[in-house]
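Student: Enclosed is the structure file query.txt (compact mmCIF, C-alpha atoms).
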# COMPACT_ATOMS: atom_id res chain seq x y z
CA MET A 1 43.48 -75.58 74.70
CA ARG A 2 43.48 -73.14 71.76
CA ARG A 3 40.86 -73.83 69.12
CA LYS A 4 42.35 -74.50 65.68
CA LEU A 5 41.89 -71.90 62.97
CA PHE A 6 40.14 -73.06 59.78
CA CYS A 7 43.45 -72.98 57.89
CA GLU A 8 45.05 -75.26 60.51
CA ILE A 9 42.54 -78.12 60.30
CA SER A 10 44.06 -79.87 57.28
CA PRO A 11 46.11 -79.24 54.12
CA THR A 12 42.83 -78.87 52.20
CA THR A 13 41.45 -76.17 54.51
CA TYR A 14 44.82 -74.40 54.34
CA LYS A 15 44.60 -74.26 50.52
CA ILE A 16 41.01 -72.96 50.73
CA ALA A 17 42.03 -70.27 53.23
CA LEU A 18 45.00 -69.27 51.06
CA LYS A 19 42.83 -68.94 47.94
CA LYS A 20 40.43 -66.77 49.93
CA GLU A 21 43.28 -64.46 50.98
CA ILE A 22 44.60 -64.28 47.42
CA ALA A 23 41.13 -63.34 46.14
CA ARG A 24 40.79 -60.74 48.89
CA ARG A 25 44.09 -59.14 47.87
CA HIS A 26 43.04 -59.04 44.20
CA LEU A 27 39.86 -57.21 45.19
CA LYS A 28 41.81 -54.82 47.39
CA ASN A 29 44.19 -54.07 44.52
CA PHE A 30 41.31 -53.51 42.11
CA PHE A 31 39.29 -51.20 44.32
CA GLY A 32 42.21 -49.64 46.19
CA LYS A 33 43.42 -46.07 45.75
CA GLU A 34 47.11 -46.95 45.40
CA LYS A 35 48.55 -46.31 41.95
CA ILE A 36 50.77 -49.32 41.27
CA ALA A 37 53.97 -48.77 39.25
CA ARG A 38 53.80 -50.57 35.87
CA THR A 39 56.21 -48.66 33.58
CA HIS A 40 59.50 -50.20 32.42
CA LEU A 41 62.30 -48.25 30.76
CA SER A 42 65.25 -49.75 28.92
CA VAL A 43 67.19 -46.53 29.54
CA GLU A 44 68.79 -46.34 32.99
CA LEU A 45 68.19 -43.25 35.12
CA PRO A 46 71.52 -41.41 35.63
CA ASN A 47 71.98 -41.28 39.42
CA ILE A 48 72.79 -44.39 41.51
CA VAL A 49 71.13 -44.00 44.92
CA LYS A 50 72.35 -47.37 46.22
CA GLY A 51 73.84 -50.55 44.81
CA HIS A 52 74.14 -53.95 46.47
CA SER A 53 74.83 -57.62 45.72
CA SER A 54 74.12 -60.88 47.57
CA ILE A 55 75.36 -64.44 47.08
CA LEU A 56 72.83 -66.62 45.27
CA ILE A 57 73.78 -70.09 46.50
CA ARG A 58 74.63 -70.60 50.16
CA LYS A 59 75.43 -73.96 51.74
CA LEU A 60 72.71 -74.09 54.38
CA LEU A 61 72.81 -76.90 56.91
CA GLY A 62 70.02 -79.41 56.31
CA VAL A 63 68.78 -77.75 53.09
CA ASP A 64 68.84 -79.65 49.79
CA LEU A 65 71.31 -77.88 47.47
CA ARG A 66 68.88 -78.54 44.60
CA LEU A 67 66.44 -76.07 46.17
CA GLN A 68 69.19 -73.44 46.20
CA GLU A 69 69.96 -74.09 42.53
CA ASN A 70 66.26 -73.89 41.65
CA LYS A 71 66.08 -70.58 43.54
CA VAL A 72 68.52 -69.12 41.03
CA THR A 73 66.13 -69.99 38.19
CA ASN A 74 63.23 -68.40 40.08
CA ILE A 75 65.19 -65.23 40.77
CA MET A 76 66.26 -64.90 37.14
CA ILE A 77 62.61 -65.05 36.06
CA ALA A 78 61.72 -62.37 38.62
CA CYS A 79 64.63 -60.23 37.41
CA ARG A 80 63.09 -60.11 33.95
CA LYS A 81 59.80 -58.90 35.46
CA ILE A 82 61.33 -56.24 37.72
CA ASN A 83 64.43 -54.94 35.94
CA GLY A 84 64.00 -51.40 34.61
CA LEU A 85 60.76 -50.70 36.50
CA VAL A 86 60.21 -46.98 37.06
CA ILE A 87 58.22 -45.75 40.04
CA HIS A 88 56.87 -42.27 39.34
CA PRO A 89 56.18 -39.76 42.16
CA GLY A 90 53.08 -40.87 44.08
CA GLU A 91 53.21 -44.44 42.72
CA THR A 92 53.58 -47.59 44.81
CA PHE A 93 55.84 -50.54 44.09
CA SER A 94 54.15 -53.90 44.77
CA PHE A 95 56.34 -56.99 44.55
CA TRP A 96 53.51 -59.31 43.57
CA CYS A 97 51.80 -56.90 41.18
CA VAL A 98 55.07 -56.81 39.21
CA VAL A 99 56.21 -60.44 39.55
CA GLY A 100 52.80 -62.11 39.34
CA PRO A 101 52.01 -65.79 40.07
CA THR A 102 54.88 -68.22 40.61
CA GLY A 103 53.40 -71.51 39.42
CA LYS A 104 55.12 -74.26 37.45
CA LYS A 105 53.44 -73.13 34.21
CA TYR A 106 55.29 -69.79 34.48
CA GLY A 107 58.66 -71.53 34.47
CA TYR A 108 59.29 -71.49 38.20
CA LYS A 109 60.91 -74.41 40.03
CA GLU A 110 60.61 -75.76 43.54
CA GLY A 111 62.70 -73.70 45.94
CA LEU A 112 63.02 -73.31 49.69
CA VAL A 113 59.94 -71.94 51.46
CA VAL A 114 59.81 -70.89 55.11
CA SER A 115 56.56 -70.96 57.10
CA LYS A 116 55.40 -71.22 60.71
CA LYS A 117 55.66 -75.00 60.39
CA GLY A 118 59.31 -74.83 59.35
CA PHE A 119 61.01 -75.44 56.00
CA SER A 120 59.40 -76.89 52.92
CA SER A 121 59.56 -76.45 49.14
CA ASP A 122 57.21 -74.89 46.61
CA TYR A 123 57.27 -73.38 43.15
CA GLY A 124 58.79 -69.90 43.23
CA GLY A 125 60.58 -70.62 46.51
CA GLY A 126 63.57 -68.41 47.26
CA LEU A 127 62.14 -65.13 45.98
CA CYS A 128 62.49 -63.65 49.47
CA GLN A 129 66.09 -62.92 48.48
CA MET A 130 64.84 -60.64 45.73
CA ALA A 131 62.45 -58.86 48.11
CA ASN A 132 65.28 -58.53 50.65
CA MET A 133 67.49 -56.93 47.99
CA ILE A 134 64.86 -54.36 47.05
CA HIS A 135 64.08 -53.59 50.70
CA TRP A 136 67.77 -52.97 51.43
CA LEU A 137 67.98 -50.52 48.52
CA VAL A 138 64.84 -48.73 49.73
CA LEU A 139 66.16 -48.47 53.31
CA ASN A 140 69.07 -46.51 51.87
CA SER A 141 66.75 -43.93 50.32
CA PRO A 142 63.96 -41.51 51.31
CA LEU A 143 61.29 -43.83 49.85
CA GLU A 144 58.48 -44.87 52.22
CA VAL A 145 57.95 -48.56 53.03
CA THR A 146 54.19 -49.15 53.18
CA GLU A 147 54.00 -52.95 53.61
CA LEU A 148 56.61 -55.12 55.28
CA HIS A 149 56.48 -58.53 56.95
CA HIS A 150 59.56 -59.32 59.02
CA HIS A 151 60.93 -62.82 59.45
CA SER A 152 60.21 -63.56 63.12
CA ASP A 153 62.93 -66.19 63.63
CA ALA A 154 66.69 -66.56 63.13
CA LEU A 155 66.53 -69.37 60.57
CA PHE A 156 70.19 -69.92 59.67
CA PRO A 157 73.60 -68.98 61.08
CA ASP A 158 75.45 -66.15 59.34
CA GLU A 159 77.43 -67.00 56.24
CA ARG A 160 79.22 -63.99 54.76
CA ARG A 161 76.39 -61.68 55.82
CA ARG A 162 76.84 -58.14 54.48
CA VAL A 163 73.85 -56.37 56.03
CA PRO A 164 72.52 -56.05 59.60
CA PHE A 165 70.53 -59.06 60.81
CA GLY A 166 66.75 -58.82 60.48
CA THR A 167 66.58 -56.32 57.62
CA GLY A 168 64.85 -58.78 55.30
CA THR A 169 61.17 -59.31 54.54
CA SER A 170 58.78 -62.23 54.08
CA ILE A 171 56.63 -62.56 50.97
CA CYS A 172 53.99 -65.09 49.89
CA TYR A 173 51.85 -64.81 46.76
CA ASN A 174 50.02 -62.60 46.89
CA ASN A 175 48.57 -61.68 50.28
CA VAL A 176 51.96 -61.22 51.97
CA ASP A 177 53.42 -58.44 49.83
CA TYR A 178 56.32 -56.00 49.98
CA ARG A 179 55.45 -52.42 49.02
CA PHE A 180 56.97 -48.97 49.07
CA LYS A 181 55.78 -45.58 47.87
CA ASN A 182 57.71 -42.98 45.93
CA ASN A 183 57.01 -39.96 48.10
CA THR A 184 59.70 -37.84 46.38
CA ASP A 185 59.44 -35.36 43.51
CA GLN A 186 61.33 -37.44 40.95
CA ASP A 187 61.26 -40.83 39.21
CA VAL A 188 63.16 -43.75 40.72
CA GLN A 189 64.09 -46.99 38.99
CA ILE A 190 64.96 -50.54 40.09
CA LEU A 191 67.62 -52.54 38.26
CA VAL A 192 68.18 -56.20 39.17
CA TRP A 193 70.30 -58.85 37.47
CA CYS A 194 72.35 -62.00 38.15
CA GLU A 195 76.10 -61.99 37.60
CA ASN A 196 79.04 -64.12 38.77
CA GLY A 197 76.96 -66.12 41.24
CA GLU A 198 75.38 -63.03 42.81
CA LEU A 199 72.08 -61.19 42.70
CA CYS A 200 72.89 -57.56 41.93
CA GLY A 201 70.66 -54.55 42.34
CA GLU A 202 70.63 -50.78 41.99
CA LEU A 203 68.16 -48.10 42.96
CA ARG A 204 68.49 -45.16 40.57
CA SER A 205 66.98 -41.69 40.38
CA GLU A 206 66.93 -38.71 38.06
CA ARG A 207 69.19 -36.68 40.36
CA GLU A 208 70.93 -36.88 43.70
CA PHE A 209 68.86 -36.79 46.89
CA PRO A 210 69.95 -34.28 49.59
CA TYR A 211 70.61 -37.01 52.16
CA ARG A 212 72.50 -40.29 52.28
CA TYR A 213 71.79 -43.14 54.66
CA LYS A 214 73.79 -45.56 56.79
CA LEU A 215 72.41 -48.61 58.60
CA VAL A 216 74.12 -49.93 61.72
CA GLU A 217 73.43 -52.84 64.07
CA GLU A 218 74.07 -52.33 67.79
CA ASN A 219 73.96 -54.43 70.96
CA HIS A 220 74.09 -57.68 68.99
CA HIS A 221 74.12 -60.81 71.17
CA TYR A 222 72.40 -64.11 71.92
CA LYS A 223 70.45 -64.78 75.11
CA LYS A 224 68.99 -67.96 76.56
CA GLU A 225 65.36 -67.72 77.68
CA GLY A 226 64.10 -70.99 79.13
CA ASP A 227 65.14 -73.76 76.75
CA ALA A 228 65.39 -71.43 73.75
CA TYR A 229 68.02 -69.00 72.48
CA PHE A 230 67.17 -65.62 70.99
CA ARG A 231 69.17 -63.36 68.73
CA ILE A 232 68.91 -59.79 69.94
CA SER A 233 70.02 -56.47 68.43
CA GLN A 234 68.83 -53.04 67.40
CA VAL A 235 69.15 -51.70 63.86
CA TYR A 236 69.38 -47.95 63.36
CA ARG A 237 69.24 -45.82 60.24
CA ILE A 238 71.46 -42.75 60.29
CA VAL A 239 70.42 -39.87 58.01
CA ILE A 240 73.38 -37.76 56.84
CA ASP A 241 73.28 -34.42 55.04
CA ARG A 242 75.13 -34.91 51.78
CA LYS A 243 76.56 -31.36 51.58
CA SER A 244 77.78 -30.91 55.15
CA ASN A 245 78.33 -34.62 55.91
CA LYS A 246 76.63 -34.03 59.27
CA GLU A 247 74.34 -36.53 60.96
CA ILE A 248 70.74 -35.24 60.88
CA ARG A 249 69.04 -37.98 62.89
CA LYS A 250 69.33 -41.59 64.03
CA GLU A 251 66.19 -43.72 63.70
CA LEU A 252 65.48 -47.08 65.33
CA ILE A 253 64.00 -49.16 62.52
CA LEU A 254 64.18 -52.65 64.01
CA ASP A 255 64.36 -54.16 67.50
CA ASN A 256 65.34 -57.81 66.97
CA HIS A 257 64.22 -60.54 69.35
CA SER A 258 64.35 -63.59 67.10
CA ARG A 259 64.23 -67.20 68.20
CA VAL A 260 67.20 -69.23 66.98
CA MET A 261 65.83 -72.10 64.90
CA TYR A 262 69.13 -73.75 63.95
CA ASP A 263 71.50 -75.95 66.01
CA HIS A 264 72.42 -74.04 69.18
CA GLU A 265 75.94 -75.45 68.95
CA LEU A 266 76.48 -73.13 65.97
CA ILE A 267 75.91 -70.02 68.10
CA PRO A 268 79.26 -68.26 68.73
CA LYS A 269 79.95 -68.80 72.44
CA ASP A 270 81.55 -65.36 72.86
CA GLN A 271 78.28 -63.72 71.71
CA ILE A 272 76.05 -65.32 74.37
CA ARG A 273 75.22 -62.95 77.22
CA ASP A 274 73.25 -63.21 80.44
CA ASP A 275 71.13 -60.43 81.99
CA GLU A 276 74.09 -58.95 83.87
CA ASP A 277 76.18 -58.74 80.68
CA VAL A 278 73.32 -57.02 78.82
CA GLU A 279 72.80 -54.42 81.57
CA GLN A 280 76.53 -53.70 81.75
CA ASN A 281 76.64 -53.21 77.99
CA LYS A 282 73.70 -50.77 78.17
CA ARG A 283 75.48 -48.74 80.87
CA SER A 284 78.62 -48.64 78.73
CA SER A 285 76.63 -47.44 75.70
CA ARG A 286 75.00 -44.66 77.75
CA LYS A 287 78.42 -43.43 78.92
CA LYS A 288 79.69 -43.28 75.34
CA THR A 289 76.63 -41.28 74.31
CA LYS A 290 77.16 -38.60 77.00
Written as structure tokens, how would this file's structure read?
Tutor:
Amino acid sequence: MRRKLFCEISPTTYKIALKKEIARRHLKNFFGKEKIARTHLSVELPNIVKGHSSILIRKLLGVDLRLQENKVTNIMIACRKINGLVIHPGETFSFWCVVGPTGKKYGYKEGLVVSKKGFSSDYGGGLCQMANMIHWLVLNSPLEVTELHHHSDALFPDERRRVPFGTGTSICYNNVDYRFKNNTDQDVQILVWCENGELCGELRSEREFPYRYKLVEENHHYKKEGDAYFRISQVYRIVIDRKSNKEIRKELILDNHSRVMYDHELIPKDQIRDDEDVEQNKRSSRKKTK
């Protein structure tokens, strides 16, 4: 039998462990060599690298709609902290260094929170959507992701999904952060705002980058392993030369093997494969590549 970690003994020990991790991150930030982006500009940089929008309120099975509505409030507060932020060459964007604490006294409301124990609610809940937005913009740029924590499970069925599955990120104040570094030779800027029931975002730069990017999901299917179902796919990033429109390279950025945590009856039956189906699909893909 596995011995419990200190944080697993009780809710009190969990809070103590969390405070320790938060303090550790503060010390790491203070003594670290990373230069964190802090500058905001009201003037927008001229070139749009990538724009995207995502629906703010989704009807999720078994989730109190009030938590979704509160999430909108939380995201609007975070928008005010992030919008207009400029990341100079060599600087690092840190989600939590920009957004800061998400307690009740800062105006945040109780929103949906996902943890290893399942779903719960807490102040500032729902800000993962903001981190997901920024990560998607960064994936479509030459910027370097330096800290990323993937969601390990398939938590909800798709509802008007616009991006490949699994391209989001987990965040938790402040030890589970999302960070990227501006490793280019020009300023970049993040714009985020809420409009017509959607979270909107743009990554901007001073001038056009030489490459554009395309993300594709391949081999998507569900597979039963024991009593559980897993959602499986591979996500690739294709780098394309802007002048010639030729593909420069294709990078595997994510190999999904995520346990389905929602009702298995909601899994599309035509997307469930057994081992023989998977192998046949791989052979077909190899033939197309030749």
Student: Take atom CA of A:Tyr106 and atom CA of A:Ser54 and report the distance between them in Å, one decimal.
Tutor: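 Interatomic distance, atom CA of A:Tyr106 to atom CA of A:Ser54: 24.6 Å.
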Student: Just how far from atom CA of A:His151 is atom CA of A:Glu202, in Å to one decimal?
Tutor: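 A separation of 23.3 Å between them.
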Student: Write out as JSON lines the residues of stretch 49-86 of chain A that have any atom within 10 Å of an atom of stretch 156-174 of chain A, one row each with the nearest atom pair and its distance in Å to one decimal, counting all atoms listed in the file, sorted by chain and then rising number.
Tutor:
{"residue": "A:His52", "atom": "CA", "partner": "A:Arg162", "partner_atom": "CA", "distance": 9.4}
{"residue": "A:Ser53", "atom": "CA", "partner": "A:Arg162", "partner_atom": "CA", "distance": 9.0}
{"residue": "A:Ser54", "atom": "CA", "partner": "A:Arg162", "partner_atom": "CA", "distance": 7.9}
{"residue": "A:Ile55", "atom": "CA", "partner": "A:Arg160", "partner_atom": "CA", "distance": 8.6}
{"residue": "A:Arg58", "atom": "CA", "partner": "A:Glu159", "partner_atom": "CA", "distance": 7.6}
{"residue": "A:Lys59", "atom": "CA", "partner": "A:Glu159", "partner_atom": "CA", "distance": 8.5}
{"residue": "A:Leu60", "atom": "CA", "partner": "A:Phe156", "partner_atom": "CA", "distance": 7.2}
{"residue": "A:Leu61", "atom": "CA", "partner": "A:Phe156", "partner_atom": "CA", "distance": 7.9}
Student: From the set A:Leu139, A:Ala131, A:Ile190, A:Leu27, which residue has the shortest atom-to-atom contact distance to A:Arg237, counting all atoms listed in the file?
Tutor: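 Smallest distance to A:Arg237 is found for A:Leu139.
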Student: What is the atom CA of A:Ile134 to atom CA of A:Gly84 distance in Å?
Tutor: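 Atom CA of A:Ile134 sits 12.8 Å away from atom CA of A:Gly84.
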Student: Would you mind listing what lies within 10 Å of A:Pro268 as a PyMOL selection string, with all atoms listed in the file counted and same-chain residues fewer than 4 positions away left out?
Tutor: chain A and resi 157+221-222+264+272
Student: Which is closest to A:Asp187 among A:Ile82, A:Val145, A:Val49, A:Ile57, if we use all atoms listed in the file?
Tutor: A:Val49
Student: Considering all atoms listed in the file, can you say which of A:Arg38, A:Lys250, A:Lys71, A:Arg3 comes closest to A:Lys214?
Tutor: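 For A:Lys214, the nearest of the candidates is A:Lys250.
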Student: Fewer than 2 positions away in the same chain doesn't count, so skip those; otherwise give me all residues within 9 Å of A:His88, counting only C-alpha atoms, as a CSV table (one decimal) with C-alpha atoms, in the frame of the given file.
Tutor:
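The resulting file, out_3.csv, is shown below:
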chain,number,residue,atom,x,y,z
A,37,ALA,CA,54.0,-48.8,39.2
A,39,THR,CA,56.2,-48.7,33.6
A,86,VAL,CA,60.2,-47.0,37.1
A,90,GLY,CA,53.1,-40.9,44.1
A,91,GLU,CA,53.2,-44.4,42.7
A,92,THR,CA,53.6,-47.6,44.8
A,182,ASN,CA,57.7,-43.0,45.9
A,184,THR,CA,59.7,-37.8,46.4
A,185,ASP,CA,59.4,-35.4,43.5
A,186,GLN,CA,61.3,-37.4,41.0
A,187,ASP,CA,61.3,-40.8,39.2
A,188,VAL,CA,63.2,-43.8,40.7
A,189,GLN,CA,64.1,-47.0,39.0
Student: Excluding A:Arg259 and residues on its chain fewer than 4 positions from it, collect all residues at most 9 Å away from it, counting all atoms listed in the file, and give them as a ChimeraX atom specification.
Tutor: /A:152-155,228-232
Student: Please determine, counting only C-alpha atoms, which residue among A:Leu254, A:Phe119, A:Gly32, A:Leu85 has the shortest atom-to-atom distance to A:Asp64.
Tutor: A:Phe119
Student: When you look at A:Gln68 with a cut-off of 12 Å (counting all atoms listed in the file), what residues show up, excluding the ones that are within fewer than 2 positions of it in the same chain? I need them as a ChimeraX atom specification.
Tutor: /A:55-66,70-75,109-113,121,124-127,129,197
Student: For a cut-off of 10 Å around (44.8, -61.6, 53.3), file coordinates, pick out all residues using only C-alpha atoms and list them as a VMD selection string.
Tutor: chain A and resid 17 to 26 28 174 to 177
Student: Quick one: everything within 7 Å of stretch 215-217 of chain A, counting only C-alpha atoms, minus sequence neighbours fewer than 4 positions away in the same chain. Send it as a list in words.
Tutor: Pro164, Ser233, Gln234, Val235, Tyr236, Arg237 and Ile238 of chain A
Student: Would you please work out which residue, of A:Glu44, A:Tyr178, A:Asn256, A:Glu265, is nearest to A:His220 when using all atoms listed in the file?
Tutor: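 Nearest to A:His220: A:Asn256.
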Student: Point out the residue among A:Ser258, A:Ser10, A:Asn29, A:Asn83 with the least atom-to-atom distance to A:Met130, counting all atoms listed in the file.
Tutor: A:Asn83
Student: Calculate, to one decimal in Å, the centre and edge lengths of the box along x, y and z of the file that holds all listed atoms of stretch 177-194 of chain A with 4 Å of margin on each side, and present them as JSON.
Tutor:
{"center_x": 62.9, "center_y": -48.7, "center_z": 43.7, "size_x": 26.9, "size_y": 34.6, "size_z": 20.5}
